[in-house]
Amino acid sequence: MDKELENDFYTWKKRGEEYYSPFSEKTVDTASPEEDDVNSRMYDFGERFFSDMMFEQDSIVGKCLECKSKDGNSDREVTDYIPIPELQSFSYDMIICKIKSLGKDYMACFDSKEMSLTISPNYTDRDYVILHEMIHIHEFLLSKINASYRDILFYELYKKVGNSINNINKLLDSWCNGVNQLGIQQKGGIHSPLFLLKSLDIDLQCGYKLGTTMGYSCSTEFEKVLNAQK
Ligand SMILES: [Zn+2]
């Protein structure tokens, strides 16, 4: 693993342990009970929805990290799973969760420089807000490893989501348009085609209206694009 990243992981881990310590005095530098709760929900969501972005063995991309070989003694074929070390080193307590007002139009934001997730007090009970930010977190982690894994995840998610959404290509065509990309970027930063697919995957799993996890009032727009005649 890259030395700099290894140091970052060490710093984030240590900082997180202090921030979430159940024994620390609750001060401005440590998590409040509500902030603890947001962090523990991330663990729950991680298990339920993000095994693919973590390249875990039982996920849709697990097979990409499998290595088949012959067992020397019995000549049987054995399968080994080789996890990605950078992703293995990550845990959600490295993310400092803060509940703080972000101004009227913002529900939450992930700051990759600070490794912090800030959520506005009015939105802490909305799972889809945390799930949206978690996609940003996992995309950030993927940006730290070999770029081909990102494409592998895109390809597998495309097949999975495409099985449930007939006109997925229409939505991707529209999402990949430069002007549309700029529009969403101005509203809330970069939301890649991979982000779109993962947000739709979560919508489908949670039974949300398509576009809910993406936010920015996308559900109406998505419905229009998906139902367009040509
Ligand atoms: Zn976003």
# chains A, B, ... in the order shown; residues from 1 in each chain; ligands from 1
call {"tool": "residues_around", "arguments": {"residues": "Leu172 (chain A)", "least_positions_apart": "2", "cutoff": "12 Å", "atoms": "only C-alpha atoms", "output": "PyMOL selection string"}}
result
chain A and resi 154+158+161-162+165-170+174-178+180-181+192-197+200+222+225-226
call {"tool": "select_by_dssp", "arguments": {"residues": "chain A", "states": "helix (DSSP H, G or I)", "output": "PyMOL selection string"}}
result
chain A and resi 3-19+33-49+62-65+85-88+92-94+121-123+127-142+148-164+168-176+178-188+193-206+218-227
call {"tool": "residues_near_ligand", "arguments": {"ligand": "ligand 1", "cutoff": "9 Å", "atoms": "only C-alpha atoms and all ligand atoms", "output": "PyMOL selection string"}}
result
chain A and resi 108-110+132-133+135-136+185+187-191+195+214-216
call {"tool": "residues_around", "arguments": {"residues": "Ile145 (chain A)", "least_positions_apart": "3", "cutoff": "10 Å", "atoms": "only C-alpha atoms", "output": "PDB file with all heavy atoms, in the first residue's frame"}}
result
ATOM      1  N   MET A   1       0.853  -1.202   0.000  1.00  0.00           N
ATOM      2  CA  MET A   1       0.000   0.000   0.000  1.00  0.00           C
ATOM      3  C   MET A   1       0.885   1.246   0.000  1.00  0.00           C
ATOM      4  O   MET A   1       1.956   1.243   0.601  1.00  0.00           O
ATOM      5  CB  MET A   1      -0.886  -0.021   1.255  1.00  0.00           C
ATOM      6  CG  MET A   1      -2.049   0.954   1.185  1.00  0.00           C
ATOM      7  SD  MET A   1      -2.860   1.286   2.762  1.00  0.00           S
ATOM      8  CE  MET A   1      -3.063  -0.307   3.500  1.00  0.00           C
ATOM      9  N   ASP A   2       0.423   2.276  -0.660  1.00  0.00           N
ATOM     10  CA  ASP A   2       1.115   3.545  -0.706  1.00  0.00           C
ATOM     11  C   ASP A   2       1.393   4.058   0.729  1.00  0.00           C
ATOM     12  O   ASP A   2       0.497   4.067   1.575  1.00  0.00           O
ATOM     13  CB  ASP A   2       0.184   4.513  -1.470  1.00  0.00           C
ATOM     14  CG  ASP A   2       0.672   5.924  -1.473  1.00  0.00           C
ATOM     15  OD1 ASP A   2       1.669   6.169  -2.146  1.00  0.00           O
ATOM     16  OD2 ASP A   2       0.052   6.768  -0.798  1.00  0.00           O
ATOM     17  N   ILE A  84      -8.550  -6.348  -1.372  1.00  0.00           N
ATOM     18  CA  ILE A  84      -7.754  -5.158  -1.686  1.00  0.00           C
ATOM     19  C   ILE A  84      -7.291  -4.542  -0.352  1.00  0.00           C
ATOM     20  O   ILE A  84      -8.129  -4.138   0.462  1.00  0.00           O
ATOM     21  CB  ILE A  84      -8.600  -4.137  -2.496  1.00  0.00           C
ATOM     22  CG1 ILE A  84      -9.055  -4.782  -3.823  1.00  0.00           C
ATOM     23  CG2 ILE A  84      -7.824  -2.855  -2.742  1.00  0.00           C
ATOM     24  CD1 ILE A  84     -10.054  -3.956  -4.624  1.00  0.00           C
ATOM     25  N   PRO A  85      -5.981  -4.484  -0.100  1.00  0.00           N
ATOM     26  CA  PRO A  85      -5.491  -4.062   1.216  1.00  0.00           C
ATOM     27  C   PRO A  85      -5.980  -2.672   1.650  1.00  0.00           C
ATOM     28  O   PRO A  85      -6.335  -2.461   2.810  1.00  0.00           O
ATOM     29  CB  PRO A  85      -3.962  -4.065   1.082  1.00  0.00           C
ATOM     30  CG  PRO A  85      -3.650  -4.520  -0.281  1.00  0.00           C
ATOM     31  CD  PRO A  85      -4.895  -4.834  -1.016  1.00  0.00           C
ATOM     32  N   GLU A  86      -6.032  -1.743   0.689  1.00  0.00           N
ATOM     33  CA  GLU A  86      -6.462  -0.379   1.039  1.00  0.00           C
ATOM     34  C   GLU A  86      -7.883  -0.395   1.593  1.00  0.00           C
ATOM     35  O   GLU A  86      -8.200   0.306   2.546  1.00  0.00           O
ATOM     36  CB  GLU A  86      -6.432   0.541  -0.202  1.00  0.00           C
ATOM     37  CG  GLU A  86      -5.044   0.937  -0.646  1.00  0.00           C
ATOM     38  CD  GLU A  86      -4.417  -0.094  -1.580  1.00  0.00           C
ATOM     39  OE1 GLU A  86      -4.940  -1.228  -1.692  1.00  0.00           O
ATOM     40  OE2 GLU A  86      -3.382   0.232  -2.188  1.00  0.00           O
ATOM     41  N   LEU A  87      -8.749  -1.191   0.962  1.00  0.00           N
ATOM     42  CA  LEU A  87     -10.143  -1.218   1.413  1.00  0.00           C
ATOM     43  C   LEU A  87     -10.267  -1.986   2.727  1.00  0.00           C
ATOM     44  O   LEU A  87     -11.102  -1.659   3.570  1.00  0.00           O
ATOM     45  CB  LEU A  87     -11.049  -1.832   0.334  1.00  0.00           C
ATOM     46  CG  LEU A  87     -11.068  -1.085  -1.010  1.00  0.00           C
ATOM     47  CD1 LEU A  87     -12.035  -1.764  -1.978  1.00  0.00           C
ATOM     48  CD2 LEU A  87     -11.459   0.374  -0.828  1.00  0.00           C
ATOM     49  N   PHE A 140     -14.488   7.951  -2.963  1.00  0.00           N
ATOM     50  CA  PHE A 140     -13.200   8.541  -2.575  1.00  0.00           C
ATOM     51  C   PHE A 140     -12.173   7.431  -2.292  1.00  0.00           C
ATOM     52  O   PHE A 140     -11.032   7.489  -2.732  1.00  0.00           O
ATOM     53  CB  PHE A 140     -13.389   9.449  -1.349  1.00  0.00           C
ATOM     54  CG  PHE A 140     -12.105   9.876  -0.715  1.00  0.00           C
ATOM     55  CD1 PHE A 140     -11.290  10.833  -1.322  1.00  0.00           C
ATOM     56  CD2 PHE A 140     -11.682   9.330   0.492  1.00  0.00           C
ATOM     57  CE1 PHE A 140     -10.081  11.205  -0.744  1.00  0.00           C
ATOM     58  CE2 PHE A 140     -10.483   9.703   1.076  1.00  0.00           C
ATOM     59  CZ  PHE A 140      -9.683  10.643   0.454  1.00  0.00           C
ATOM     60  N   LEU A 141     -12.601   6.397  -1.567  1.00  0.00           N
ATOM     61  CA  LEU A 141     -11.689   5.285  -1.264  1.00  0.00           C
ATOM     62  C   LEU A 141     -11.237   4.579  -2.546  1.00  0.00           C
ATOM     63  O   LEU A 141     -10.077   4.233  -2.705  1.00  0.00           O
ATOM     64  CB  LEU A 141     -12.370   4.261  -0.345  1.00  0.00           C
ATOM     65  CG  LEU A 141     -12.578   4.694   1.105  1.00  0.00           C
ATOM     66  CD1 LEU A 141     -13.434   3.669   1.830  1.00  0.00           C
ATOM     67  CD2 LEU A 141     -11.250   4.878   1.834  1.00  0.00           C
ATOM     68  N   LEU A 142     -12.195   4.404  -3.474  1.00  0.00           N
ATOM     69  CA  LEU A 142     -11.835   3.751  -4.739  1.00  0.00           C
ATOM     70  C   LEU A 142     -10.827   4.586  -5.524  1.00  0.00           C
ATOM     71  O   LEU A 142      -9.993   4.042  -6.252  1.00  0.00           O
ATOM     72  CB  LEU A 142     -13.085   3.509  -5.598  1.00  0.00           C
ATOM     73  CG  LEU A 142     -14.044   2.420  -5.123  1.00  0.00           C
ATOM     74  CD1 LEU A 142     -15.233   2.326  -6.072  1.00  0.00           C
ATOM     75  CD2 LEU A 142     -13.353   1.060  -5.030  1.00  0.00           C
ATOM     76  N   SER A 148      -8.670   0.547 -12.371  1.00  0.00           N
ATOM     77  CA  SER A 148      -9.476  -0.442 -13.088  1.00  0.00           C
ATOM     78  C   SER A 148     -10.600  -1.000 -12.208  1.00  0.00           C
ATOM     79  O   SER A 148     -11.635  -1.409 -12.715  1.00  0.00           O
ATOM     80  CB  SER A 148      -8.603  -1.567 -13.640  1.00  0.00           C
ATOM     81  OG  SER A 148      -7.965  -2.220 -12.586  1.00  0.00           O
ATOM     82  N   TYR A 149     -10.423  -0.991 -10.892  1.00  0.00           N
ATOM     83  CA  TYR A 149     -11.474  -1.512 -10.007  1.00  0.00           C
ATOM     84  C   TYR A 149     -12.759  -0.698 -10.113  1.00  0.00           C
ATOM     85  O   TYR A 149     -13.861  -1.207  -9.982  1.00  0.00           O
ATOM     86  CB  TYR A 149     -10.990  -1.554  -8.556  1.00  0.00           C
ATOM     87  CG  TYR A 149      -9.947  -2.615  -8.336  1.00  0.00           C
ATOM     88  CD1 TYR A 149      -8.653  -2.288  -7.971  1.00  0.00           C
ATOM     89  CD2 TYR A 149     -10.260  -3.961  -8.538  1.00  0.00           C
ATOM     90  CE1 TYR A 149      -7.679  -3.271  -7.804  1.00  0.00           C
ATOM     91  CE2 TYR A 149      -9.295  -4.947  -8.380  1.00  0.00           C
ATOM     92  CZ  TYR A 149      -8.016  -4.592  -8.009  1.00  0.00           C
ATOM     93  OH  TYR A 149      -7.063  -5.573  -7.859  1.00  0.00           O
ATOM     94  N   ARG A 150     -12.583   0.566 -10.357  1.00  0.00           N
ATOM     95  CA  ARG A 150     -13.738   1.443 -10.521  1.00  0.00           C
ATOM     96  C   ARG A 150     -14.558   1.020 -11.748  1.00  0.00           C
ATOM     97  O   ARG A 150     -15.783   0.946 -11.697  1.00  0.00           O
ATOM     98  CB  ARG A 150     -13.197   2.865 -10.711  1.00  0.00           C
ATOM     99  CG  ARG A 150     -14.117   3.949 -10.330  1.00  0.00           C
ATOM    100  CD  ARG A 150     -13.573   5.273 -10.846  1.00  0.00           C
ATOM    101  NE  ARG A 150     -14.738   6.014 -11.230  1.00  0.00           N
ATOM    102  CZ  ARG A 150     -15.412   6.792 -10.405  1.00  0.00           C
ATOM    103  NH1 ARG A 150     -14.984   6.998  -9.193  1.00  0.00           N
ATOM    104  NH2 ARG A 150     -16.508   7.382 -10.792  1.00  0.00           N
TER     105      ARG A 150
END
call {"tool": "atom_distance", "arguments": {"atom1": "CA of Gly62 (chain A)", "atom2": "CA of Thr79 (chain A)"}}
result
11.7 Å
call {"tool": "residues_around", "arguments": {"residues": "Met134 (chain A)", "least_positions_apart": "2", "cutoff": "12 Å", "atoms": "only C-alpha atoms", "output": "CSV table (one decimal) with N, CA, C and O atoms, in the first residue's frame"}}
result
chain,number,residue,atom,x,y,z
A,38,VAL,N,-25.2,8.4,14.3
A,38,VAL,CA,-25.0,8.4,12.8
A,38,VAL,C,-23.9,7.5,12.4
A,38,VAL,O,-24.0,6.7,11.5
A,39,ASN,N,-22.8,7.5,13.2
A,39,ASN,CA,-21.7,6.6,12.9
A,39,ASN,C,-22.1,5.2,13.0
A,39,ASN,O,-21.7,4.4,12.1
A,41,ARG,N,-25.0,3.9,12.5
A,41,ARG,CA,-25.9,3.6,11.4
A,41,ARG,C,-25.0,3.3,10.1
A,41,ARG,O,-25.4,2.5,9.2
A,42,MET,N,-23.9,4.0,10.0
A,42,MET,CA,-23.0,3.8,8.8
A,42,MET,C,-22.5,2.4,8.8
A,42,MET,O,-22.4,1.8,7.7
A,43,TYR,N,-22.2,1.8,9.9
A,43,TYR,CA,-21.8,0.4,10.0
A,43,TYR,C,-22.9,-0.5,9.5
A,43,TYR,O,-22.6,-1.4,8.7
A,44,ASP,N,-24.1,-0.2,9.9
A,44,ASP,CA,-25.2,-1.0,9.5
A,44,ASP,C,-25.4,-0.9,8.0
A,44,ASP,O,-25.6,-1.9,7.3
A,45,PHE,N,-25.5,0.3,7.5
A,45,PHE,CA,-25.6,0.5,6.1
A,45,PHE,C,-24.5,-0.1,5.3
A,45,PHE,O,-24.7,-0.6,4.1
A,46,GLY,N,-23.3,0.0,5.8
A,46,GLY,CA,-22.1,-0.5,5.1
A,46,GLY,C,-22.3,-2.0,4.8
A,46,GLY,O,-22.1,-2.5,3.7
A,47,GLU,N,-22.8,-2.7,5.9
A,47,GLU,CA,-23.0,-4.2,5.7
A,47,GLU,C,-24.1,-4.5,4.7
A,47,GLU,O,-24.0,-5.4,3.9
A,49,PHE,N,-25.5,-2.4,2.3
A,49,PHE,CA,-25.5,-1.9,0.9
A,49,PHE,C,-24.1,-1.7,0.2
A,49,PHE,O,-24.1,-1.4,-1.0
A,50,PHE,N,-23.0,-1.8,1.0
A,50,PHE,CA,-21.8,-1.3,0.3
A,50,PHE,C,-20.7,-2.4,0.2
A,50,PHE,O,-19.6,-2.1,0.0
A,53,MET,N,-18.9,-2.0,-3.1
A,53,MET,CA,-17.9,-0.9,-3.2
A,53,MET,C,-16.7,-1.2,-2.3
A,53,MET,O,-15.6,-0.6,-2.5
A,54,MET,N,-16.8,-2.2,-1.4
A,54,MET,CA,-15.7,-2.7,-0.6
A,54,MET,C,-15.0,-3.9,-1.3
A,54,MET,O,-14.1,-4.5,-0.7
A,92,TYR,N,-15.4,2.6,9.3
A,92,TYR,CA,-16.2,3.8,9.4
A,92,TYR,C,-15.9,4.8,10.5
A,92,TYR,O,-16.3,5.9,10.5
A,95,ILE,N,-14.3,8.1,9.9
A,95,ILE,CA,-15.1,9.2,9.4
A,95,ILE,C,-15.6,10.0,10.6
A,95,ILE,O,-16.4,9.4,11.4
A,97,CYS,N,-18.2,12.0,12.2
A,97,CYS,CA,-19.6,12.5,11.9
A,97,CYS,C,-20.0,13.7,12.7
A,97,CYS,O,-19.9,13.6,14.0
A,108,ALA,N,-26.3,17.6,3.7
A,108,ALA,CA,-25.2,16.9,4.3
A,108,ALA,C,-24.0,17.1,3.3
A,108,ALA,O,-24.2,17.4,2.1
A,109,CYS,N,-22.8,16.9,3.8
A,109,CYS,CA,-21.6,16.9,2.9
A,109,CYS,C,-20.5,16.1,3.5
A,109,CYS,O,-20.3,16.0,4.7
A,110,PHE,N,-19.7,15.5,2.5
A,110,PHE,CA,-18.5,14.7,2.9
A,110,PHE,C,-17.3,15.5,2.5
A,110,PHE,O,-17.2,16.0,1.4
A,111,ASP,N,-16.4,15.7,3.5
A,111,ASP,CA,-15.2,16.5,3.2
A,111,ASP,C,-14.0,15.5,3.2
A,111,ASP,O,-13.7,15.0,4.3
A,112,SER,N,-13.5,15.2,2.0
A,112,SER,CA,-12.4,14.2,1.9
A,112,SER,C,-11.1,14.6,2.6
A,112,SER,O,-10.3,13.8,3.0
A,115,MET,N,-11.9,14.1,6.1
A,115,MET,CA,-12.5,12.8,6.4
A,115,MET,C,-13.7,13.0,7.3
A,115,MET,O,-13.8,12.3,8.4
A,116,SER,N,-14.6,13.9,7.0
A,116,SER,CA,-15.7,14.1,7.9
A,116,SER,C,-17.0,14.2,7.1
A,116,SER,O,-17.0,14.5,5.9
A,117,LEU,N,-18.1,13.7,7.8
A,117,LEU,CA,-19.4,13.8,7.2
A,117,LEU,C,-20.2,14.7,8.1
A,117,LEU,O,-20.4,14.5,9.3
A,118,THR,N,-20.7,15.8,7.5
A,118,THR,CA,-21.5,16.7,8.3
A,118,THR,C,-22.9,16.6,7.8
A,118,THR,O,-23.2,16.6,6.6
A,119,ILE,N,-23.8,16.5,8.8
A,119,ILE,CA,-25.2,16.4,8.4
A,119,ILE,C,-26.0,17.4,9.1
A,119,ILE,O,-25.8,17.7,10.3
A,127,ASP,N,-32.5,8.2,6.1
A,127,ASP,CA,-31.4,7.3,5.8
A,127,ASP,C,-30.8,7.6,4.4
A,127,ASP,O,-29.6,7.5,4.2
A,128,TYR,N,-31.6,8.0,3.5
A,128,TYR,CA,-31.1,8.2,2.1
A,128,TYR,C,-30.0,9.4,2.1
A,128,TYR,O,-29.2,9.4,1.2
A,129,VAL,N,-30.1,10.3,3.0
A,129,VAL,CA,-29.1,11.4,3.1
A,129,VAL,C,-27.7,10.8,3.5
A,129,VAL,O,-26.7,11.1,2.8
A,130,ILE,N,-27.7,9.9,4.5
A,130,ILE,CA,-26.5,9.3,4.9
A,130,ILE,C,-26.0,8.4,3.8
A,130,ILE,O,-24.8,8.3,3.5
A,131,LEU,N,-26.9,7.6,3.2
A,131,LEU,CA,-26.5,6.7,2.1
A,131,LEU,C,-25.9,7.4,0.9
A,131,LEU,O,-24.9,7.0,0.4
A,132,HIS,N,-26.4,8.6,0.6
A,132,HIS,CA,-25.8,9.4,-0.5
A,132,HIS,C,-24.4,9.8,-0.1
A,132,HIS,O,-23.5,9.6,-1.0
A,136,HIS,N,-20.3,8.8,-1.7
A,136,HIS,CA,-19.1,9.7,-1.9
A,136,HIS,C,-17.9,9.2,-1.2
A,136,HIS,O,-16.8,9.2,-1.7
A,137,ILE,N,-18.1,8.7,0.0
A,137,ILE,CA,-17.0,8.2,0.8
A,137,ILE,C,-16.3,7.0,0.1
A,137,ILE,O,-15.1,6.9,-0.1
A,138,HIS,N,-17.2,6.1,-0.3
A,138,HIS,CA,-16.6,4.9,-1.0
A,138,HIS,C,-16.0,5.2,-2.4
A,138,HIS,O,-15.1,4.6,-2.8
A,139,GLU,N,-16.6,6.2,-3.0
A,139,GLU,CA,-15.9,6.6,-4.3
A,139,GLU,C,-14.6,7.2,-4.0
A,139,GLU,O,-13.6,7.0,-4.8
A,140,PHE,N,-14.5,8.0,-3.0
A,140,PHE,CA,-13.2,8.5,-2.6
A,140,PHE,C,-12.2,7.4,-2.3
A,140,PHE,O,-11.0,7.5,-2.7
A,141,LEU,N,-12.6,6.4,-1.6
A,141,LEU,CA,-11.7,5.3,-1.3
A,141,LEU,C,-11.2,4.6,-2.5
A,141,LEU,O,-10.1,4.2,-2.7
A,195,PHE,N,-21.6,6.9,-9.6
A,195,PHE,CA,-22.4,7.3,-8.4
A,195,PHE,C,-23.9,7.1,-8.8
A,195,PHE,O,-24.7,6.7,-7.9
A,198,LYS,N,-24.9,3.5,-8.4
A,198,LYS,CA,-24.9,3.0,-7.1
A,198,LYS,C,-26.1,3.6,-6.3
A,198,LYS,O,-26.8,2.9,-5.5
A,199,SER,N,-26.5,4.8,-6.7
A,199,SER,CA,-27.6,5.5,-6.0
A,199,SER,C,-28.9,4.8,-6.4
A,199,SER,O,-29.8,4.5,-5.6
A,202,ILE,N,-29.2,1.4,-4.6
A,202,ILE,CA,-29.8,1.6,-3.3
A,202,ILE,C,-31.3,1.9,-3.3
A,202,ILE,O,-32.0,1.4,-2.5
A,213,THR,N,-32.1,8.6,-3.6
A,213,THR,CA,-30.7,8.6,-3.0
A,213,THR,C,-29.9,9.7,-3.7
A,213,THR,O,-29.0,10.3,-3.0
A,214,MET,N,-30.1,9.9,-4.9
A,214,MET,CA,-29.3,10.9,-5.6
A,214,MET,C,-29.7,12.3,-5.1
A,214,MET,O,-28.8,13.1,-4.8
call {"tool": "residues_around", "arguments": {"residues": "Asp29 (chain A)", "least_positions_apart": "6", "cutoff": "12 Å", "atoms": "only C-alpha atoms", "output": "VMD selection string"}}
result
chain A and resid 15 to 21 35 96 to 98
call {"tool": "write_last_selection", "arguments": {"atoms": "N, CA, C and O atoms", "output": "mmCIF file, in the first residue's frame"}}
result
data_model
loop_
_atom_site.group_PDB
_atom_site.id
_atom_site.type_symbol
_atom_site.label_atom_id
_atom_site.label_comp_id
_atom_site.auth_asym_id
_atom_site.auth_seq_id
_atom_site.Cartn_x
_atom_site.Cartn_y
_atom_site.Cartn_z
ATOM 1 N N ARG A 15 -7.588 9.217 15.365
ATOM 2 C CA ARG A 15 -8.459 10.363 15.591
ATOM 3 C C ARG A 15 -9.889 9.896 15.854
ATOM 4 O O ARG A 15 -10.557 10.357 16.755
ATOM 5 N N GLY A 16 -10.331 8.904 15.060
ATOM 6 C CA GLY A 16 -11.678 8.366 15.217
ATOM 7 C C GLY A 16 -11.865 7.700 16.574
ATOM 8 O O GLY A 16 -12.906 7.838 17.207
ATOM 9 N N GLU A 17 -10.845 6.970 17.001
ATOM 10 C CA GLU A 17 -10.954 6.281 18.292
ATOM 11 C C GLU A 17 -11.151 7.274 19.420
ATOM 12 O O GLU A 17 -11.927 7.042 20.343
ATOM 13 N N GLU A 18 -10.445 8.397 19.324
ATOM 14 C CA GLU A 18 -10.614 9.424 20.366
ATOM 15 C C GLU A 18 -11.996 10.072 20.253
ATOM 16 O O GLU A 18 -12.683 10.292 21.242
ATOM 17 N N TYR A 19 -12.390 10.352 19.026
ATOM 18 C CA TYR A 19 -13.668 11.060 18.805
ATOM 19 C C TYR A 19 -14.863 10.228 19.284
ATOM 20 O O TYR A 19 -15.804 10.761 19.870
ATOM 21 N N TYR A 20 -14.812 8.916 19.037
ATOM 22 C CA TYR A 20 -15.957 8.066 19.401
ATOM 23 C C TYR A 20 -15.766 7.320 20.722
ATOM 24 O O TYR A 20 -16.557 6.453 21.054
ATOM 25 N N SER A 21 -14.701 7.670 21.457
ATOM 26 C CA SER A 21 -14.440 6.934 22.694
ATOM 27 C C SER A 21 -15.589 7.058 23.687
ATOM 28 O O SER A 21 -16.007 8.161 24.027
ATOM 29 N N GLU A 35 -24.340 11.994 17.244
ATOM 30 C CA GLU A 35 -23.280 11.787 16.242
ATOM 31 C C GLU A 35 -22.773 10.338 16.291
ATOM 32 O O GLU A 35 -22.491 9.731 15.258
ATOM 33 N N ILE A 96 -15.298 11.245 10.737
ATOM 34 C CA ILE A 96 -15.806 12.053 11.843
ATOM 35 C C ILE A 96 -17.215 12.549 11.467
ATOM 36 O O ILE A 96 -17.362 13.335 10.530
ATOM 37 N N CYS A 97 -18.237 12.049 12.154
ATOM 38 C CA CYS A 97 -19.620 12.470 11.857
ATOM 39 C C CYS A 97 -19.981 13.660 12.724
ATOM 40 O O CYS A 97 -19.853 13.604 13.951
ATOM 41 N N LYS A 98 -20.427 14.727 12.066
ATOM 42 C CA LYS A 98 -20.811 15.921 12.816
ATOM 43 C C LYS A 98 -22.247 16.302 12.443
ATOM 44 O O LYS A 98 -22.633 16.184 11.274
#
call {"tool": "closest_residue", "arguments": {"among": "A:Lys3, A:Lys209, A:Lys14, A:Lys63", "to": "Ile152 (chain A)", "atoms": "only C-alpha atoms"}}
result
A:Lys63
